[in-house]
file work-v8.txt (compact mmCIF, C-alpha atoms)
# COMPACT_ATOMS: atom_id res chain seq x y z
CA MET A 1 0.00 0.00 0.00
CA SER A 2 1.54 3.33 -1.06
CA THR A 3 1.83 6.25 1.31
CA ILE A 4 0.96 9.74 0.16
CA ILE A 5 3.15 12.48 1.59
CA SER A 6 1.19 15.67 2.06
CA VAL A 7 3.07 18.98 2.08
CA PRO A 8 1.17 22.05 3.32
CA PRO A 9 0.73 24.52 0.45
CA GLN A 10 2.55 27.30 2.32
CA LEU A 11 5.66 25.09 2.61
CA LEU A 12 5.68 23.62 -0.89
CA LEU A 13 7.23 26.60 -2.64
CA GLU A 14 9.68 27.15 0.20
CA ARG A 15 10.93 23.58 -0.16
CA ILE A 16 11.27 24.06 -3.87
CA LEU A 17 13.25 27.25 -3.32
CA THR A 18 15.68 25.33 -1.11
CA LEU A 19 16.78 23.36 -4.17
CA GLU A 20 16.52 26.34 -6.48
CA ILE A 21 19.12 28.36 -4.58
CA VAL A 22 21.44 25.36 -4.70
CA ARG A 23 21.28 25.56 -8.48
CA VAL A 24 22.11 29.26 -8.29
CA THR A 25 25.30 28.80 -6.28
CA GLU A 26 26.29 25.72 -8.31
CA ARG A 27 26.15 27.71 -11.55
CA ALA A 28 28.20 30.55 -10.08
CA ALA A 29 30.80 28.21 -8.60
CA VAL A 30 31.33 26.28 -11.83
CA SER A 31 31.71 29.47 -13.86
CA ALA A 32 34.26 30.88 -11.42
CA ALA A 33 36.12 27.57 -11.16
CA ARG A 34 36.94 27.67 -14.86
CA LEU A 35 39.27 30.58 -14.02
CA ARG A 36 40.94 29.11 -10.94
CA GLY A 37 44.62 29.92 -10.81
CA HIS A 38 44.53 32.27 -13.80
CA GLY A 39 45.23 35.37 -11.73
CA GLN A 40 42.13 37.10 -13.10
CA GLU A 41 40.13 38.24 -10.08
CA LYS A 42 37.73 40.52 -11.93
CA ALA A 43 37.08 38.01 -14.71
CA ALA A 44 36.36 35.20 -12.24
CA ASP A 45 34.03 37.41 -10.22
CA GLN A 46 32.21 38.58 -13.36
CA ALA A 47 31.77 34.99 -14.55
CA ALA A 48 30.20 34.07 -11.20
CA VAL A 49 27.97 37.17 -11.23
CA ASP A 50 26.72 36.48 -14.76
CA ALA A 51 25.94 32.84 -13.97
CA MET A 52 24.19 33.65 -10.71
CA ARG A 53 22.06 36.33 -12.31
CA ARG A 54 20.97 34.04 -15.16
CA GLU A 55 19.83 31.38 -12.72
CA LEU A 56 18.14 33.79 -10.31
CA ASN A 57 16.04 35.10 -13.19
CA ARG A 58 14.61 31.61 -13.74
CA ILE A 59 13.24 31.26 -10.20
CA PRO A 60 9.52 31.86 -9.41
CA ILE A 61 10.09 34.80 -7.08
CA GLU A 62 9.77 38.55 -6.91
CA GLY A 63 13.28 39.14 -5.63
CA THR A 64 15.13 42.30 -4.67
CA VAL A 65 18.90 42.29 -4.25
CA VAL A 66 19.63 43.98 -0.91
CA ILE A 67 23.23 42.78 -0.62
CA GLY A 68 24.99 42.69 -3.96
CA GLU A 69 28.03 43.65 -5.95
CA GLY A 70 27.64 47.36 -5.17
CA GLU A 71 25.57 50.33 -6.24
CA ARG A 72 23.97 50.45 -9.70
CA ASP A 73 26.75 52.62 -11.16
CA GLU A 74 29.44 50.28 -9.82
CA ALA A 75 27.93 46.93 -10.80
CA PRO A 76 26.09 46.24 -14.06
CA MET A 77 24.58 43.07 -12.62
CA LEU A 78 23.34 42.05 -9.18
CA PHE A 79 23.56 45.61 -7.92
CA ILE A 80 21.77 46.68 -4.74
CA GLY A 81 18.11 47.25 -5.61
CA GLU A 82 18.11 45.07 -8.73
CA LYS A 83 14.97 42.99 -9.29
CA VAL A 84 15.47 39.29 -10.00
CA GLY A 85 13.21 36.29 -10.61
CA ILE A 86 10.32 35.84 -13.01
CA ASN A 87 8.22 38.41 -11.12
CA ALA A 88 5.83 35.73 -9.91
CA GLY A 89 5.81 34.07 -6.52
CA PRO A 90 6.82 35.26 -3.05
CA LYS A 91 8.49 38.60 -2.51
CA VAL A 92 11.97 37.92 -1.15
CA ASP A 93 15.17 39.71 -0.21
CA ILE A 94 18.33 38.40 -1.84
CA ALA A 95 21.89 38.67 -0.52
CA VAL A 96 24.67 37.46 -2.79
CA ASP A 97 28.41 37.07 -2.90
CA PRO A 98 28.84 35.26 -6.22
CA LEU A 99 32.52 34.68 -5.51
CA GLU A 100 33.66 35.11 -1.94
CA GLY A 101 37.41 34.96 -2.07
CA THR A 102 38.22 36.35 -5.52
CA THR A 103 41.91 36.33 -4.66
CA LEU A 104 41.64 32.75 -3.42
CA CYS A 105 40.12 31.71 -6.74
CA ALA A 106 42.62 33.69 -8.82
CA LYS A 107 45.51 32.03 -6.95
CA ASN A 108 43.76 28.63 -6.67
CA MET A 109 44.02 28.78 -2.89
CA PRO A 110 41.63 27.02 -0.47
CA GLY A 111 38.30 28.45 0.62
CA ALA A 112 36.70 30.27 -2.33
CA ILE A 113 32.91 29.81 -2.40
CA ALA A 114 29.83 31.05 -4.24
CA THR A 115 27.16 32.00 -1.74
CA MET A 116 23.75 33.59 -1.37
CA ALA A 117 20.88 33.99 1.08
CA MET A 118 17.17 34.44 0.49
CA ALA A 119 14.63 35.67 3.03
CA GLU A 120 11.11 37.00 3.23
CA GLY A 121 10.77 40.45 1.71
CA GLY A 122 11.89 43.25 4.02
CA THR A 123 13.72 41.01 6.50
CA LEU A 124 17.40 41.24 5.48
CA LEU A 125 19.47 44.20 6.60
CA HIS A 126 20.08 46.66 3.76
CA ALA A 127 23.75 47.25 4.45
CA PRO A 128 25.97 49.54 2.41
CA ASP A 129 29.27 48.20 1.12
CA VAL A 130 31.35 49.42 4.06
CA TYR A 131 33.42 47.79 6.77
CA MET A 132 31.65 46.13 9.68
CA GLN A 133 32.94 45.25 13.11
CA LYS A 134 32.06 41.62 13.90
CA ILE A 135 32.24 39.07 16.68
CA ALA A 136 30.69 35.58 16.49
CA ILE A 137 30.54 32.26 18.30
CA GLY A 138 28.65 29.05 17.67
CA PRO A 139 25.58 27.57 19.42
CA GLY A 140 25.40 26.12 22.90
CA TYR A 141 26.38 29.19 24.92
CA ASP A 142 24.32 31.45 27.16
CA LYS A 143 22.79 34.43 25.39
CA HIS A 144 24.88 37.59 25.22
CA LEU A 145 28.02 35.71 26.28
CA ILE A 146 30.11 37.85 23.95
CA ASP A 147 30.08 41.63 23.77
CA ILE A 148 31.25 43.63 20.78
CA ASP A 149 32.25 46.49 23.11
CA ALA A 150 34.24 44.29 25.49
CA THR A 151 37.98 43.88 25.06
CA PRO A 152 39.30 40.87 23.09
CA GLU A 153 40.80 39.58 26.34
CA GLU A 154 37.41 39.68 28.08
CA ASN A 155 35.61 37.91 25.24
CA ILE A 156 38.27 35.20 25.08
CA ARG A 157 38.03 34.74 28.85
CA ARG A 158 34.22 34.45 28.71
CA VAL A 159 34.27 31.84 25.95
CA ALA A 160 36.98 29.82 27.68
CA GLN A 161 35.07 29.86 30.98
CA ALA A 162 31.82 28.83 29.28
CA LYS A 163 33.59 26.06 27.40
CA GLY A 164 35.35 24.86 30.54
CA VAL A 165 38.88 25.22 29.20
CA PRO A 166 41.79 27.55 29.88
CA THR A 167 42.19 30.49 27.53
CA SER A 168 45.00 28.55 25.86
CA GLY A 169 42.34 26.11 24.67
CA ILE A 170 40.57 28.78 22.58
CA THR A 171 41.23 29.53 18.92
CA ALA A 172 40.15 32.81 17.38
CA LEU A 173 39.75 33.30 13.63
CA VAL A 174 40.89 36.69 12.33
CA LEU A 175 41.34 38.18 8.86
CA ASP A 176 45.04 38.71 8.17
CA ARG A 177 45.03 42.49 7.80
CA ALA A 178 47.35 45.22 9.05
CA ARG A 179 44.40 46.85 10.83
CA HIS A 180 44.13 43.77 13.06
CA ALA A 181 47.68 43.88 14.45
CA GLU A 182 46.64 45.13 17.89
CA LEU A 183 43.68 42.74 18.00
CA ILE A 184 45.90 39.76 17.21
CA ALA A 185 48.42 40.77 19.85
CA ALA A 186 45.66 41.14 22.45
CA ILE A 187 44.25 37.69 21.69
CA ARG A 188 47.65 36.03 21.85
CA LYS A 189 48.39 37.79 25.14
CA THR A 190 45.59 35.74 26.74
CA GLY A 191 47.30 32.51 25.67
CA ALA A 192 44.68 31.80 23.00
CA SER A 193 45.78 30.91 19.50
CA VAL A 194 44.98 32.89 16.38
CA ARG A 195 44.15 31.36 13.03
CA LEU A 196 44.64 33.87 10.24
CA ILE A 197 42.77 33.80 6.95
CA THR A 198 43.56 35.90 3.89
CA ASP A 199 39.94 36.11 2.66
CA GLY A 200 36.54 34.51 3.13
CA ASP A 201 34.98 35.71 6.35
CA VAL A 202 31.53 34.30 5.52
CA ALA A 203 33.00 30.81 5.77
CA GLY A 204 35.10 32.02 8.69
CA VAL A 205 32.05 32.94 10.75
CA ILE A 206 30.32 29.69 9.81
CA HIS A 207 33.35 27.79 11.16
CA THR A 208 32.47 28.92 14.68
CA ALA A 209 29.29 26.81 14.54
CA ASP A 210 31.27 23.55 14.56
CA PRO A 211 34.41 24.05 16.65
CA ASP A 212 34.91 20.31 17.21
CA ASN A 213 35.60 19.87 13.50
CA THR A 214 36.93 23.29 12.49
CA GLY A 215 38.91 24.10 15.63
CA VAL A 216 37.50 27.65 15.59
CA ASP A 217 35.83 28.95 18.75
CA ILE A 218 35.34 32.64 18.00
CA TYR A 219 35.54 35.06 15.10
CA ILE A 220 36.68 38.62 15.81
CA GLY A 221 37.56 41.57 13.59
CA THR A 222 36.35 43.87 10.86
CA GLY A 223 35.33 42.83 7.37
CA GLY A 224 32.79 43.67 4.74
CA ALA A 225 29.23 44.47 5.78
CA PRO A 226 27.71 42.42 2.91
CA GLU A 227 29.63 39.36 4.10
CA GLY A 228 28.39 40.06 7.61
CA VAL A 229 24.76 39.85 6.54
CA LEU A 230 25.38 36.61 4.64
CA ALA A 231 27.13 35.10 7.66
CA ALA A 232 24.25 36.18 9.90
CA ALA A 233 21.80 34.40 7.59
CA ALA A 234 23.84 31.22 7.92
CA LEU A 235 24.06 31.44 11.71
CA ARG A 236 20.33 32.12 11.82
CA CYS A 237 19.92 28.64 10.35
CA ILE A 238 22.48 26.73 12.41
CA GLY A 239 22.61 28.67 15.65
CA GLY A 240 25.18 30.85 17.33
CA GLN A 241 25.69 34.44 18.36
CA MET A 242 26.91 37.33 16.26
CA TYR A 243 27.09 41.03 16.96
CA THR A 244 28.12 43.66 14.47
CA ARG A 245 28.38 47.40 13.98
CA LEU A 246 28.70 49.29 10.71
CA ILE A 247 31.83 51.42 10.46
CA LEU A 248 30.45 54.69 9.13
CA ASP A 249 33.48 56.91 9.58
CA THR A 250 32.77 59.47 6.87
CA HIS A 251 29.90 61.80 6.08
CA GLU A 252 29.42 60.09 2.70
CA LYS A 253 29.15 56.63 4.29
CA ARG A 254 26.66 57.85 6.87
CA ASN A 255 24.53 59.42 4.14
CA ARG A 256 24.58 56.19 2.11
CA ALA A 257 23.61 54.16 5.14
CA GLU A 258 20.80 56.55 6.01
CA SER A 259 19.44 56.31 2.46
CA MET A 260 19.24 52.53 2.99
CA GLY A 261 17.27 52.85 6.23
CA VAL A 262 20.07 52.95 8.81
CA SER A 263 18.91 55.61 11.27
CA ASP A 264 21.41 54.93 14.06
CA PRO A 265 25.02 54.80 12.79
CA ASN A 266 26.22 53.32 16.11
CA LYS A 267 23.60 50.57 16.34
CA ILE A 268 24.77 47.11 17.38
CA TYR A 269 23.14 44.43 15.23
CA ALA A 270 22.44 40.92 16.46
CA ILE A 271 21.70 38.04 14.11
CA GLU A 272 17.97 38.68 14.29
CA ASP A 273 18.50 42.31 13.30
CA MET A 274 20.34 41.29 10.13
CA ALA A 275 18.30 38.26 9.10
CA GLN A 276 14.72 38.10 10.33
CA GLY A 277 11.93 35.67 9.52
CA ASP A 278 12.45 32.52 7.49
CA CYS A 279 15.65 32.50 5.48
CA LEU A 280 17.64 30.16 3.28
CA PHE A 281 21.40 30.09 2.85
CA ALA A 282 23.50 28.20 0.32
CA ALA A 283 27.20 28.02 -0.55
CA THR A 284 29.01 25.96 -3.18
CA GLY A 285 32.74 25.33 -3.10
CA VAL A 286 34.84 26.84 -5.87
CA THR A 287 38.24 25.75 -4.56
CA ASP A 288 38.79 23.00 -2.00
CA GLY A 289 38.46 24.26 1.55
CA SER A 290 37.68 23.21 5.10
CA LEU A 291 33.99 24.02 4.61
CA LEU A 292 33.38 22.57 1.13
CA SER A 293 35.16 20.73 -1.66
CA GLY A 294 35.79 22.70 -4.82
CA VAL A 295 34.41 22.09 -8.30
CA LYS A 296 35.86 19.03 -10.06
CA PHE A 297 36.06 18.86 -13.87
CA ARG A 298 36.32 15.16 -14.66
CA LYS A 299 37.65 13.62 -17.86
CA ASP A 300 34.33 11.83 -18.49
CA ASN A 301 32.54 15.18 -19.00
CA VAL A 302 31.07 15.15 -15.53
CA ILE A 303 31.29 18.19 -13.27
CA GLN A 304 31.16 17.56 -9.53
CA THR A 305 30.05 20.15 -6.97
CA GLU A 306 29.52 20.25 -3.22
CA THR A 307 26.99 22.61 -1.67
CA VAL A 308 25.71 23.31 1.82
CA VAL A 309 22.14 24.60 2.07
CA MET A 310 20.43 25.66 5.28
CA ARG A 311 16.98 26.80 6.34
CA SER A 312 16.26 28.78 9.49
CA VAL A 313 12.66 27.70 10.18
CA THR A 314 13.65 24.04 10.46
CA GLY A 315 17.33 24.34 11.33
CA THR A 316 18.03 21.81 8.58
CA VAL A 317 21.54 21.69 7.09
CA ARG A 318 22.06 19.64 3.94
CA TYR A 319 25.30 18.89 2.14
CA ILE A 320 24.64 18.12 -1.50
CA LYS A 321 27.27 16.43 -3.64
CA ALA A 322 26.21 16.51 -7.26
CA ASP A 323 27.44 14.93 -10.49
CA HIS A 324 26.36 17.10 -13.42
CA ARG A 325 26.14 15.40 -16.82
CA GLN A 326 23.99 17.87 -18.74
CA LEU A 327 26.55 20.65 -19.08
CA ASP A 328 24.65 23.09 -21.30
CA LYS A 329 23.14 24.60 -18.15
CA PHE A 330 26.59 25.93 -17.22
CA HIS A 331 27.00 27.85 -20.51
CA LEU A 332 30.39 26.22 -21.05
CA ASP A 333 32.22 26.99 -24.27

call {"tool": "encode", "arguments": {"input": "work-v8.txt", "output": "structure tokens"}}
result
Amino acid sequence: MSTIISVPPQLLLERILTLEIVRVTERAAVSAARLRGHGQEKAADQAAVDAMRRELNRIPIEGTVVIGEGERDEAPMLFIGEKVGINAGPKVDIAVDPLEGTTLCAKNMPGAIATMAMAEGGTLLHAPDVYMQKIAIGPGYDKHLIDIDATPEENIRRVAQAKGVPTSGITALVLDRARHAELIAAIRKTGASVRLITDGDVAGVIHTADPDNTGVDIYIGTGGAPEGVLAAAALRCIGGQMYTRLILDTHEKRNRAESMGVSDPNKIYAIEDMAQGDCLFAATGVTDGSLLSGVKFRKDNVIQTETVVMRSVTGTVRYIKADHRQLDKFHLD
């Protein structure tokens, strides 16, 4: 006797969209991967942007890009405010980073990914392309354990105490930038170790959600605001704490932020302030990394991809390894 699985109508499209955004990041990752190691950052990024936009415009949504490649005059495609989808279906906010780690891809170094998030319309933070102060930890800790205004030493001490280990048992992930020299010194002064990354702070923040496998307990530092919103969408799905503040240190930046709805330039944003409601997050590996395997171009005309896709309302995290045999969808020459 067969069993009929009934899916409530309000969830049917959302489940479909979970697979649809996987296709979006897969297309972007494959297009960027064709230029791995070629030293062409802009070309790789443009290839990922073009592929992502093509696929987004096939999805049954009324989408608005709220985190994109920049303002309209800076980015011909996937600019902030651009409308995507077939203009039918739910109204959604879209956040994209078609190629996070352009330098990593250009140099064929680990950790480049294609990533995006989708949420109910009006629920993702409209953040200008400025720097953002960030601090994040994974799930399982008391609320408000970390404090963006506390010293690095205090935050390291709090995490170590909550984890039940000495501060020497804590590893902090930090972007390797000159601006972080004092931060790195302060962390090391506590006895904690610092893992430096050259790029890719979306994946870096996600690493805090699984310290047993990644070895990363806390993320601290400043990076791009768009990447901060994408990371918040991911943590919204898998749990954790993240606090951020936009760095609006010029009149022009404050004006841009205000035009996007930021009324308080000193506001501290928690995860729920950056990604509200139901949201989906997906990332596909471009180069091999600790989060995902990169795209593989096999001799038998099969392309292999690995993608992680998450949904906040269920907390479901899926890793999808795909063998692609119909290659026309990738617009390969």

call {"tool": "atom_distance", "arguments": {"input": "work-v8.txt", "atom1": "atom CA of A:Ile303", "atom2": "atom CA of A:Thr208"}}
result
30.0 Å

call {"tool": "closest_residue", "arguments": {"input": "work-v8.txt", "among": "A:Arg158, A:Ile238, A:Gly204, A:Ala185", "to": "A:Gly289", "atoms": "all atoms listed in the file"}}
result
A:Gly204

call {"tool": "atom_distance", "arguments": {"input": "work-v8.txt", "atom1": "atom CA of A:Met109", "atom2": "atom CA of A:Ser293"}}
result
12.0 Å

call {"tool": "residues_around", "arguments": {"input": "work-v8.txt", "residues": "A:Leu173", "least_positions_apart": "3", "cutoff": "10 Å", "atoms": "all atoms listed in the file", "output": "PyMOL selection string"}}
result
chain A and resi 135-136+176+184+193-197+201+204-205+207-208+215-221

call {"tool": "residues_near_point", "arguments": {"input": "work-v8.txt", "point": "(28.5, 43.4, 7.8)", "cutoff": "9 Å", "atoms": "all atoms listed in the file", "output": "JSON, numbers by chain"}}
result
{"A": [127, 128, 129, 130, 131, 132, 133, 134, 222, 223, 224, 225, 226, 227, 228, 229, 230, 231, 232, 244, 245, 246, 274]}

call {"tool": "closest_residue", "arguments": {"input": "work-v8.txt", "among": "A:Ile271, A:Ala106, A:Ile156, A:Ile59", "to": "A:Arg34", "atoms": "only C-alpha atoms"}}
result
A:Ala106

call {"tool": "residues_around", "arguments": {"input": "work-v8.txt", "residues": "A:Asp50", "least_positions_apart": "3", "cutoff": "9 Å", "atoms": "only C-alpha atoms", "output": "list in words"}}
result
Ala28, Ser31, Asp45, Gln46, Ala47, Arg53, Arg54, Glu55, Met77, Leu78 and Pro98 of chain A

call {"tool": "closest_residue", "arguments": {"input": "work-v8.txt", "among": "A:Val24, A:Ala283, A:Ala233, A:Ile137", "to": "A:Thr171", "atoms": "all atoms listed in the file"}}
result
A:Ile137

call {"tool": "atom_distance", "arguments": {"input": "work-v8.txt", "atom1": "atom CA of A:Ala275", "atom2": "atom CA of A:Val96"}}
result
13.5 Å

call {"tool": "residues_around", "arguments": {"input": "work-v8.txt", "residues": "stretch 118-123 of chain A", "least_positions_apart": "6", "cutoff": "6 Å", "atoms": "all atoms listed in the file", "output": "list in words"}}
result
Lys91, Val92, Asp93, Ile94, Ala275, Gln276, Asp278, Cys279 and Leu280 of chain A

call {"tool": "residues_around", "arguments": {"input": "work-v8.txt", "residues": "A:Ala112", "least_positions_apart": "4", "cutoff": "9 Å", "atoms": "only C-alpha atoms", "output": "list in words"}}
result
Ala29, Leu99, Glu100, Gly101, Thr102, Thr103, Leu104, Cys105, Asn108, Asp199, Gly200, Ala203, Thr284, Gly285, Val286, Thr287, Asp288, Gly289 and Gly294 of chain A

call {"tool": "residues_near_point", "arguments": {"input": "work-v8.txt", "point": "(18.1, 30.2, 11.0)", "cutoff": "7 Å", "atoms": "all atoms listed in the file", "output": "MDAnalysis selection string"}}
result
chainID A and resid 233:239 279 311:313 315

call {"tool": "closest_residue", "arguments": {"input": "work-v8.txt", "among": "A:Leu291, A:Asp149, A:Ser263, A:Val66", "to": "A:Leu125", "atoms": "only C-alpha atoms"}}
result
A:Val66

call {"tool": "closest_residue", "arguments": {"input": "work-v8.txt", "among": "A:Asn255, A:Thr25, A:Asn57, A:Ser168", "to": "A:Thr115", "atoms": "only C-alpha atoms"}}
result
A:Thr25

call {"tool": "closest_residue", "arguments": {"input": "work-v8.txt", "among": "A:Ile146, A:Lys107, A:Met310, A:Val65", "to": "A:Gly37", "atoms": "only C-alpha atoms"}}
result
A:Lys107
